[in-house]
>>> print(open('protein29.pdb').read())   # PDB, C-alpha atoms, pLDDT in the B column
ATOM      1  CA  MET A1104      95.177  74.853  97.644  1.00 78.00           C
ATOM      2  CA  TYR A1105      93.118  75.057 100.840  1.00 94.00           C
ATOM      3  CA  GLN A1106      93.865  78.787 101.178  1.00 95.00           C
ATOM      4  CA  THR A1107      90.731  79.826  99.228  1.00 96.00           C
ATOM      5  CA  LEU A1108      88.556  77.770 101.554  1.00 97.00           C
ATOM      6  CA  LEU A1109      90.349  79.047 104.664  1.00 96.00           C
ATOM      7  CA  GLN A1110      89.984  82.676 103.559  1.00 97.00           C
ATOM      8  CA  TYR A1111      86.277  82.104 102.863  1.00 97.00           C
ATOM      9  CA  ILE A1112      85.769  80.670 106.375  1.00 97.00           C
ATOM     10  CA  ILE A1113      87.570  83.652 107.928  1.00 97.00           C
ATOM     11  CA  ASP A1114      85.675  86.175 105.774  1.00 96.00           C
ATOM     12  CA  TYR A1115      82.265  84.682 106.534  1.00 94.00           C
ATOM     13  CA  SER A1116      82.766  83.909 110.207  1.00 96.00           C
ATOM     14  CA  LEU A1117      84.761  87.063 110.998  1.00 95.00           C
ATOM     15  CA  MET A1118      86.886  84.797 113.189  1.00 96.00           C
ATOM     16  CA  GLN A1119      90.458  83.587 113.036  1.00 96.00           C
ATOM     17  CA  VAL A1120      91.290  79.897 112.624  1.00 97.00           C
ATOM     18  CA  SER A1121      94.118  78.357 114.628  1.00 97.00           C
ATOM     19  CA  ASP A1122      96.667  76.021 113.052  1.00 97.00           C
ATOM     20  CA  GLN A1123      95.056  73.081 114.878  1.00 98.00           C
ATOM     21  CA  GLU A1124      91.594  74.066 113.621  1.00 98.00           C
ATOM     22  CA  PHE A1125      92.951  74.425 110.092  1.00 97.00           C
ATOM     23  CA  LYS A1126      94.298  70.864 110.281  1.00 97.00           C
ATOM     24  CA  LEU A1127      90.824  69.661 111.273  1.00 98.00           C
ATOM     25  CA  ILE A1128      89.339  71.573 108.321  1.00 98.00           C
ATOM     26  CA  GLN A1129      91.862  70.068 105.908  1.00 97.00           C
ATOM     27  CA  ALA A1130      91.113  66.578 107.208  1.00 98.00           C
ATOM     28  CA  ALA A1131      87.332  67.071 106.848  1.00 98.00           C
ATOM     29  CA  PHE A1132      87.249  68.663 103.369  1.00 98.00           C
ATOM     30  CA  LYS A1133      88.285  66.433 100.472  1.00 98.00           C
ATOM     31  CA  PRO A1134      89.404  67.914  97.146  1.00 98.00           C
ATOM     32  CA  LYS A1135      87.602  66.864  93.966  1.00 98.00           C
ATOM     33  CA  LYS A1136      88.044  67.895  90.341  1.00 98.00           C
ATOM     34  CA  LEU A1137      85.385  67.910  87.637  1.00 98.00           C
ATOM     35  CA  ARG A1138      85.919  68.313  83.930  1.00 98.00           C
ATOM     36  CA  LYS A1139      83.720  70.660  81.932  1.00 98.00           C
ATOM     37  CA  LYS A1140      80.266  69.040  81.440  1.00 98.00           C
ATOM     38  CA  GLN A1141      80.933  66.424  84.134  1.00 98.00           C
ATOM     39  CA  TYR A1142      78.134  65.836  86.645  1.00 98.00           C
ATOM     40  CA  LEU A1143      78.518  66.486  90.343  1.00 98.00           C
ATOM     41  CA  LEU A1144      75.014  65.092  90.927  1.00 98.00           C
ATOM     42  CA  GLN A1145      72.257  63.681  88.781  1.00 98.00           C
ATOM     43  CA  GLU A1146      68.562  63.582  89.554  1.00 97.00           C
ATOM     44  CA  GLY A1147      67.878  60.560  91.753  1.00 97.00           C
ATOM     45  CA  ASP A1148      71.319  60.526  93.422  1.00 98.00           C
ATOM     46  CA  VAL A1149      71.546  61.224  97.135  1.00 98.00           C
ATOM     47  CA  CYS A1150      73.609  64.362  97.819  1.00 98.00           C
ATOM     48  CA  LYS A1151      76.282  63.208 100.264  1.00 98.00           C
ATOM     49  CA  TYR A1152      78.483  66.321 100.252  1.00 98.00           C
ATOM     50  CA  LEU A1153      78.403  70.083 100.329  1.00 98.00           C
ATOM     51  CA  SER A1154      80.822  71.266  97.654  1.00 98.00           C
ATOM     52  CA  PHE A1155      82.801  74.504  97.920  1.00 98.00           C
ATOM     53  CA  ILE A1156      83.947  75.824  94.535  1.00 98.00           C
ATOM     54  CA  ALA A1157      87.609  76.792  94.721  1.00 98.00           C
ATOM     55  CA  LYS A1158      87.906  77.246  90.951  1.00 98.00           C
ATOM     56  CA  GLY A1159      85.423  76.945  88.100  1.00 98.00           C
ATOM     57  CA  ALA A1160      81.724  77.392  87.392  1.00 98.00           C
ATOM     58  CA  MET A1161      78.691  75.154  87.819  1.00 98.00           C
ATOM     59  CA  ARG A1162      74.933  75.110  87.393  1.00 98.00           C
ATOM     60  CA  GLN A1163      72.036  73.400  89.165  1.00 98.00           C
ATOM     61  CA  TYR A1164      68.982  72.645  87.070  1.00 98.00           C
ATOM     62  CA  VAL A1165      65.928  70.500  86.502  1.00 97.00           C
ATOM     63  CA  VAL A1166      64.732  69.074  83.185  1.00 95.00           C
ATOM     64  CA  ASP A1167      60.961  69.150  82.639  1.00 95.00           C
ATOM     65  CA  ASP A1168      58.796  66.552  80.858  1.00 95.00           C
ATOM     66  CA  LYS A1169      59.416  68.288  77.520  1.00 95.00           C
ATOM     67  CA  GLY A1170      63.186  68.065  77.922  1.00 93.00           C
ATOM     68  CA  VAL A1171      63.615  71.776  78.692  1.00 94.00           C
ATOM     69  CA  GLU A1172      66.278  72.719  81.238  1.00 95.00           C
ATOM     70  CA  HIS A1173      65.369  75.173  83.998  1.00 97.00           C
ATOM     71  CA  ILE A1174      68.437  76.530  85.790  1.00 98.00           C
ATOM     72  CA  VAL A1175      67.803  77.352  89.439  1.00 96.00           C
ATOM     73  CA  ARG A1176      71.354  78.227  90.541  1.00 97.00           C
ATOM     74  CA  PHE A1177      74.740  79.138  89.225  1.00 98.00           C
ATOM     75  CA  GLY A1178      77.921  78.729  91.216  1.00 98.00           C
ATOM     76  CA  ILE A1179      81.366  80.234  90.783  1.00 98.00           C
ATOM     77  CA  GLU A1180      84.466  80.570  92.947  1.00 97.00           C
ATOM     78  CA  ARG A1181      83.720  80.858  96.680  1.00 97.00           C
ATOM     79  CA  TRP A1182      80.164  79.547  96.233  1.00 97.00           C
ATOM     80  CA  TRP A1183      78.684  76.270  97.486  1.00 98.00           C
ATOM     81  CA  MET A1184      76.837  73.700  95.387  1.00 98.00           C
ATOM     82  CA  ALA A1185      74.575  70.918  96.595  1.00 97.00           C
ATOM     83  CA  ASP A1186      70.981  69.796  96.573  1.00 97.00           C
ATOM     84  CA  TYR A1187      70.396  70.992 100.140  1.00 95.00           C
ATOM     85  CA  GLU A1188      67.131  69.100 100.537  1.00 96.00           C
ATOM     86  CA  SER A1189      68.779  65.833  99.540  1.00 97.00           C
ATOM     87  CA  PHE A1190      71.835  66.612 101.671  1.00 97.00           C
ATOM     88  CA  THR A1191      69.828  67.228 104.833  1.00 95.00           C
ATOM     89  CA  THR A1192      67.129  64.574 104.385  1.00 97.00           C
ATOM     90  CA  LYS A1193      69.297  61.892 102.739  1.00 97.00           C
ATOM     91  CA  THR A1194      66.650  61.451 100.034  1.00 98.00           C
ATOM     92  CA  PRO A1195      67.148  61.332  96.230  1.00 98.00           C
ATOM     93  CA  CYS A1196      67.828  64.722  94.704  1.00 97.00           C
ATOM     94  CA  SER A1197      65.529  66.477  92.263  1.00 95.00           C
ATOM     95  CA  TYR A1198      68.273  68.325  90.393  1.00 97.00           C
ATOM     96  CA  ASP A1199      71.228  67.811  88.116  1.00 98.00           C
ATOM     97  CA  ILE A1200      74.415  69.713  88.951  1.00 98.00           C
ATOM     98  CA  ASP A1201      77.257  69.865  86.448  1.00 98.00           C
ATOM     99  CA  ALA A1202      80.419  71.793  85.675  1.00 98.00           C
ATOM    100  CA  ILE A1203      80.335  74.550  83.070  1.00 98.00           C
ATOM    101  CA  GLU A1204      84.125  74.903  83.265  1.00 98.00           C
ATOM    102  CA  ASP A1205      86.839  72.634  84.619  1.00 98.00           C
ATOM    103  CA  THR A1206      86.165  72.906  88.339  1.00 98.00           C
ATOM    104  CA  GLU A1207      88.029  72.283  91.592  1.00 98.00           C
ATOM    105  CA  LEU A1208      85.963  71.613  94.713  1.00 98.00           C
ATOM    106  CA  PHE A1209      86.332  70.909  98.392  1.00 98.00           C
ATOM    107  CA  GLN A1210      83.669  68.528  99.662  1.00 98.00           C
ATOM    108  CA  ILE A1211      82.444  67.808 103.161  1.00 98.00           C
ATOM    109  CA  SER A1212      79.962  65.203 104.412  1.00 98.00           C
ATOM    110  CA  SER A1213      77.201  66.077 106.871  1.00 97.00           C
ATOM    111  CA  GLU A1214      78.913  63.993 109.559  1.00 97.00           C
ATOM    112  CA  HIS A1215      82.220  65.840 109.151  1.00 98.00           C
ATOM    113  CA  LEU A1216      80.407  69.170 108.996  1.00 98.00           C
ATOM    114  CA  GLU A1217      78.621  68.527 112.295  1.00 97.00           C
ATOM    115  CA  GLU A1218      81.905  67.472 113.867  1.00 97.00           C
ATOM    116  CA  LEU A1219      83.654  70.633 112.631  1.00 97.00           C
ATOM    117  CA  LYS A1220      80.813  72.853 113.855  1.00 97.00           C
ATOM    118  CA  GLU A1221      81.445  71.506 117.362  1.00 97.00           C
ATOM    119  CA  LYS A1222      85.239  71.788 117.228  1.00 97.00           C
ATOM    120  CA  VAL A1223      85.823  74.920 115.132  1.00 98.00           C
ATOM    121  CA  PRO A1224      83.766  77.971 116.178  1.00 97.00           C
ATOM    122  CA  ALA A1225      84.497  79.707 112.864  1.00 98.00           C
ATOM    123  CA  ILE A1226      82.739  76.894 110.955  1.00 98.00           C
ATOM    124  CA  ASP A1227      79.610  77.216 113.089  1.00 96.00           C
ATOM    125  CA  ALA A1228      79.587  81.001 112.584  1.00 97.00           C
ATOM    126  CA  MET A1229      80.182  80.590 108.835  1.00 97.00           C
ATOM    127  CA  ILE A1230      77.275  78.145 108.461  1.00 96.00           C
ATOM    128  CA  GLU A1231      74.944  80.454 110.399  1.00 96.00           C
ATOM    129  CA  LYS A1232      75.819  83.412 108.146  1.00 96.00           C
ATOM    130  CA  MET A1233      75.569  81.269 104.991  1.00 94.00           C
ATOM    131  CA  ASN A1234      72.095  80.081 106.011  1.00 94.00           C
ATOM    132  CA  GLN A1235      70.948  83.652 106.621  1.00 95.00           C
ATOM    133  CA  ARG A1236      72.266  84.887 103.287  1.00 94.00           C
ATOM    134  CA  SER A1237      70.851  81.872 101.458  1.00 93.00           C
ATOM    135  CA  TYR A1238      67.398  82.483 102.903  1.00 94.00           C
ATOM    136  CA  VAL A1239      67.475  86.150 101.877  1.00 95.00           C
ATOM    137  CA  SER A1240      68.743  85.228  98.406  1.00 92.00           C
ATOM    138  CA  HIS A1241      65.965  82.676  97.901  1.00 92.00           C
ATOM    139  CA  GLN A1242      63.328  85.195  98.979  1.00 95.00           C
ATOM    140  CA  LYS A1243      64.690  87.756  96.507  1.00 93.00           C
ATOM    141  CA  ARG A1244      64.731  85.180  93.710  1.00 92.00           C
ATOM    142  CA  ILE A1245      61.139  84.141  94.365  1.00 93.00           C
ATOM    143  CA  ARG A1246      59.975  87.761  94.548  1.00 94.00           C
ATOM    144  CA  SER A1247      61.849  88.527  91.339  1.00 93.00           C
ATOM    145  CA  SER A1248      60.299  85.608  89.464  1.00 91.00           C
ATOM    146  CA  ILE A1249      56.740  86.513  90.435  1.00 94.00           C
ATOM    147  CA  SER A1250      56.809  90.306  90.370  1.00 96.00           C
ATOM    148  CA  GLN A1251      59.496  91.563  87.971  1.00 96.00           C
ATOM    149  CA  THR A1252      59.435  91.865  84.216  1.00 95.00           C
ATOM    150  CA  ALA A1253      62.036  90.020  82.139  1.00 95.00           C
ATOM    151  CA  GLU A1254      63.893  93.311  81.650  1.00 95.00           C
ATOM    152  CA  GLU A1255      63.929  93.971  85.399  1.00 96.00           C
ATOM    153  CA  ARG A1256      65.176  90.445  86.140  1.00 96.00           C
ATOM    154  CA  PHE A1257      67.993  90.823  83.616  1.00 96.00           C
ATOM    155  CA  THR A1258      68.966  94.270  84.938  1.00 96.00           C
ATOM    156  CA  ASP A1259      68.982  92.921  88.495  1.00 95.00           C
ATOM    157  CA  LEU A1260      71.194  89.987  87.452  1.00 96.00           C
ATOM    158  CA  MET A1261      73.502  92.313  85.522  1.00 95.00           C
ATOM    159  CA  ASN A1262      73.887  94.592  88.562  1.00 95.00           C
ATOM    160  CA  THR A1263      74.133  91.862  91.190  1.00 94.00           C
ATOM    161  CA  TYR A1264      76.197  89.198  89.412  1.00 95.00           C
ATOM    162  CA  PRO A1265      77.854  90.797  86.353  1.00 96.00           C
ATOM    163  CA  GLU A1266      80.412  87.960  86.246  1.00 96.00           C
ATOM    164  CA  PHE A1267      77.606  85.528  85.321  1.00 97.00           C
ATOM    165  CA  LEU A1268      77.244  87.308  81.977  1.00 95.00           C
ATOM    166  CA  GLN A1269      80.912  86.594  81.240  1.00 95.00           C
ATOM    167  CA  ARG A1270      81.007  83.014  82.522  1.00 96.00           C
ATOM    168  CA  PHE A1271      77.748  81.446  81.326  1.00 98.00           C
ATOM    169  CA  PRO A1272      76.310  81.157  77.795  1.00 97.00           C
ATOM    170  CA  GLN A1273      73.352  83.369  76.899  1.00 96.00           C
ATOM    171  CA  SER A1274      71.057  80.321  76.631  1.00 96.00           C
ATOM    172  CA  MET A1275      71.830  79.423  80.266  1.00 98.00           C
ATOM    173  CA  ILE A1276      71.329  83.012  81.426  1.00 98.00           C
ATOM    174  CA  ALA A1277      67.923  82.985  79.697  1.00 97.00           C
ATOM    175  CA  SER A1278      66.998  79.697  81.404  1.00 97.00           C
ATOM    176  CA  TYR A1279      68.036  81.094  84.795  1.00 97.00           C
ATOM    177  CA  LEU A1280      65.863  84.172  84.192  1.00 97.00           C
ATOM    178  CA  GLY A1281      62.923  82.061  83.014  1.00 95.00           C
ATOM    179  CA  ILE A1282      62.829  83.568  79.529  1.00 96.00           C
ATOM    180  CA  SER A1283      63.656  82.410  76.023  1.00 95.00           C
ATOM    181  CA  PRO A1284      67.087  83.102  74.481  1.00 95.00           C
ATOM    182  CA  GLU A1285      65.302  85.222  71.860  1.00 96.00           C
ATOM    183  CA  THR A1286      63.730  87.398  74.548  1.00 96.00           C
ATOM    184  CA  LEU A1287      67.108  87.811  76.223  1.00 96.00           C
ATOM    185  CA  SER A1288      68.679  88.834  72.898  1.00 95.00           C
ATOM    186  CA  ARG A1289      65.924  91.408  72.381  1.00 95.00           C
ATOM    187  CA  ILE A1290      66.402  92.807  75.912  1.00 96.00           C
ATOM    188  CA  ARG A1291      70.159  93.078  75.466  1.00 93.00           C
ATOM    189  CA  LYS A1292      69.747  94.764  72.108  1.00 92.00           C
ATOM    190  CA  GLN A1293      67.246  97.287  73.544  1.00 91.00           C
ATOM    191  CA  MET A1294      69.627  98.067  76.404  1.00 88.00           C
ATOM    192  CA  THR A1295      72.517  98.821  74.035  1.00 86.00           C
ATOM    193  CA  LEU A1296      70.290 101.213  72.069  1.00 85.00           C
ATOM    194  CA  LYS A1297      69.431 103.264  75.200  1.00 74.00           C
TER     195      LYS A1297
END
>>> encode(input="protein29.pdb", output="structure tokens")
Amino acid sequence: MYQTLLQYIIDYSLMQVSDQEFKLIQAAFKPKKLRKKQYLLQEGDVCKYLSFIAKGAMRQYVVDDKGVEHIVRFGIERWWMADYESFTTKTPCSYDIDAIEDTELFQISSEHLEELKEKVPAIDAMIEKMNQRSYVSHQKRIRSSISQTAEERFTDLMNTYPEFLQRFPQSMIASYLGISPETLSRIRKQMTLK
């Protein structure tokens, strides 16, 4: 069961992991299962763990004063889910995170993560690369939301993460793109006519 996590660490760090290091990893990461629609975190909770998705799909979102959900992140296999601000500052989170499918996770606390970073070079290298990629991804998402049309945002999503279109309902895709489901339907229909 830990093989997905181990392969991810190797792939991201570009380093091998010894048997002793793997035992440390297994001891630090705890498995957790969520049923479809079950919360990982709710607004106001303190995020105590980073969660690696071994199987399943999740979303991170905020609900505005009118009760409208705004999805800020999706997560599928080999992705991480957490409210990173809450995790690092130990303050209440601003987001809800729940499972869209039955989901299997590996969770690690900040204390165990710091310990592993010191003892397992591959973990430190993995975290460094994850932080770099996350920063670039957030910049792209911000640029997309302020400078691209709805059609361009959908095309970019379709080209970058085509699996999202298979795994998440159209209403959630629309929320993630910051458009109405009706607008998304119109865009999809126009694209099939081209």
>>> resolve_selection(input="protein29.pdb", expression="the PyMOL selection byres ((chain A and resi 1248) around 12)", output="PyMOL selection string")
chain A and resi 1175+1241-1247+1249-1257+1259-1260+1279-1282
>>> closest_residue(input="protein29.pdb", among="A:Met1184, A:Ile1200, A:Gln1123, A:Asp1114", to="Gln1141 (chain A)", atoms="only C-alpha atoms")
A:Ile1200
>>> axis_aligned_box(input="protein29.pdb", around="region 1239-1252 of chain A", padding_each_side="5 Å", output="lines of an AutoDock Vina configuration file")
center_x = 62.7
center_y = 87.3
center_z = 93.0
size_x = 22.0
size_y = 19.2
size_z = 27.7
>>> residues_around(input="protein29.pdb", residues="Asp1167 (chain A)", least_positions_apart="5", cutoff="12 Å", atoms="all atoms listed in the file", output="list in words")
Glu1146, Glu1172, His1173, Ile1174, Ser1197, Tyr1198 and Asp1199 of chain A
>>> closest_residue(input="protein29.pdb", among="A:Glu1204, A:Asp1168, A:Asp1122, A:Glu1231", to="Glu1180 (chain A)", atoms="only C-alpha atoms")
A:Glu1204
>>> residues_near_point(input="protein29.pdb", point="(88.3, 83.4, 103.9)", cutoff="12 Å", atoms="all atoms listed in the file", output="PyMOL selection string")
chain A and resi 1105-1120+1125+1157+1180-1182+1225-1226+1229
>>> atom_distance(input="protein29.pdb", atom1="CA of Ala1130 (chain A)", atom2="CA of Gln1210 (chain A)")
10.8 Å
>>> atom_distance(input="protein29.pdb", atom1="CA of Arg1176 (chain A)", atom2="CA of Arg1270 (chain A)")
13.4 Å
